[in-house]
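Each remark here refers to the structure printed beneath this line.
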Amino acid sequence: MKMDIRKGAANGYSADGDTVLREIEEAALAFDRVRDRLWVQLVGRSNPLVQSEKYPYKKVEGIDLVTIYRVREEYGKPYRGDPVVDNAMLRKWRVDPHCLDWIALKSTMRQMPVRITTLNDLFRKDIKTVAPEEMYCESGMDYILTNPEISYGAVTFQYPGVLQALAENSGSDLYLLPFSPHAVAVRRADSGTEVKKLQHLLLIINTTKEPPGEILSNHIYRYDGKEQKLSCATTEEETEEMLKEVLAGRERLSEQEKLDEELER
């Protein structure tokens, strides 16, 4: 484990050699107690934790999501109440953000391996978890990427090799619908479905979601297997325009429902 160790009074540490060594040992012990319980959570860039300067985070390359880090309780599945790793913890552990990201991702993959299934089989317990190199998507089918606990499993598409294996085995680029922090829907890009229809579906899900904090993104993502790159399938302007249309449609529906109630009285 590579640690970012800063010695000397200028950095807030004792200049005494024995004291420094003792502080280093204490920091290492403190980090060792939590390193195997670290887990990575995907959030949107507008999340208050990201806007604050108290918490380390990492932007997901090519899209509008960010990873933050939490410490899992001794027992039980990940949940929103798990402590968020903040900068004060990093200073205490003497661990730099890059080291934290690498260790937390490895810990997450070990605690919560990726699970791919169809939507119909999502809550079945007898579905075997397959290795990334065995995964594939059939044409015209929707698949769900999550973890066995279906708890904050959206991050599984960030596990190294998962999307690439899916794209190569399926012989197609992929569309991803980040409809929940717990899971991500995946569809082959050559399935014939228009991106706008997928985004319209995602926006309907997001605009009816409670609480709003469960929303990851209004964007559909595309994974290019040849370039091995992830990107937003539509522009910010296109997404905003479609969101306005969806909200306007919901308002018209609400007005019609009110009118129908009045007529029934």
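Chain lettering (A, B, ...) mirrors the order of the structure tokens, residue numbering begins at 1 for each chain separately, and ligand numbering begins at 1 in order of display.
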
DSSP alpha helix (DSSP H) residues within region 97-219 of chain A, as an MDAnalysis selection string: chainID A and resid 97:111 162:170 195:207

Can you tell me which residues surround Arg222 (chain A) at a distance of at most 6 Å, considering only C-alpha atoms, apart from same-chain residues fewer than 6 positions away, and format the answer as a PDB file with N, CA, C and O atoms, in the first residue's frame?
ATOM      1  N   LEU A 174     -22.713  -0.660 -26.531  1.00  0.00           N
ATOM      2  CA  LEU A 174     -23.765  -0.803 -25.522  1.00  0.00           C
ATOM      3  C   LEU A 174     -24.383   0.538 -25.160  1.00  0.00           C
ATOM      4  O   LEU A 174     -23.694   1.561 -25.139  1.00  0.00           O
ATOM      5  N   TYR A 175     -25.685   0.518 -24.858  1.00  0.00           N
ATOM      6  CA  TYR A 175     -26.354   1.653 -24.248  1.00  0.00           C
ATOM      7  C   TYR A 175     -26.589   1.336 -22.783  1.00  0.00           C
ATOM      8  O   TYR A 175     -26.984   0.210 -22.437  1.00  0.00           O
ATOM      9  N   LEU A 230     -16.464   5.424 -22.723  1.00  0.00           N
ATOM     10  CA  LEU A 230     -17.831   5.671 -22.292  1.00  0.00           C
ATOM     11  C   LEU A 230     -18.147   7.141 -22.528  1.00  0.00           C
ATOM     12  O   LEU A 230     -17.324   8.016 -22.262  1.00  0.00           O
ATOM     13  N   SER A 231     -19.351   7.433 -23.032  1.00  0.00           N
ATOM     14  CA  SER A 231     -19.726   8.823 -23.306  1.00  0.00           C
ATOM     15  C   SER A 231     -21.234   8.987 -23.156  1.00  0.00           C
ATOM     16  O   SER A 231     -21.985   7.998 -23.112  1.00  0.00           O
ATOM     17  N   ALA A 233     -24.757   9.727 -24.677  1.00  0.00           N
ATOM     18  CA  ALA A 233     -25.278   9.467 -26.019  1.00  0.00           C
ATOM     19  C   ALA A 233     -25.987  10.679 -26.605  1.00  0.00           C
ATOM     20  O   ALA A 233     -26.219  10.735 -27.819  1.00  0.00           O
TER      21      ALA A 233
END

Pairwise distance for CA of Ile144 (chain A) and CA of Lys125 (chain A), rounded to one decimal in Å: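 These two atoms are separated by 14.5 Å.
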
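Around region 29-39 of chain A, within 7 Å and counting only C-alpha atoms, the residues found are Tyr69, Arg70, Val71, Arg72, Trp93, Ala104, Leu105, Ser107 and Thr108 of chain A, once anything fewer than 6 positions away on its own chain is removed.
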
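Each of A:Glu53, A:Val40, A:Thr117, A:Leu90 was compared to Trp102 (chain A) using only C-alpha atoms, and A:Val40 turns out to be the nearest.
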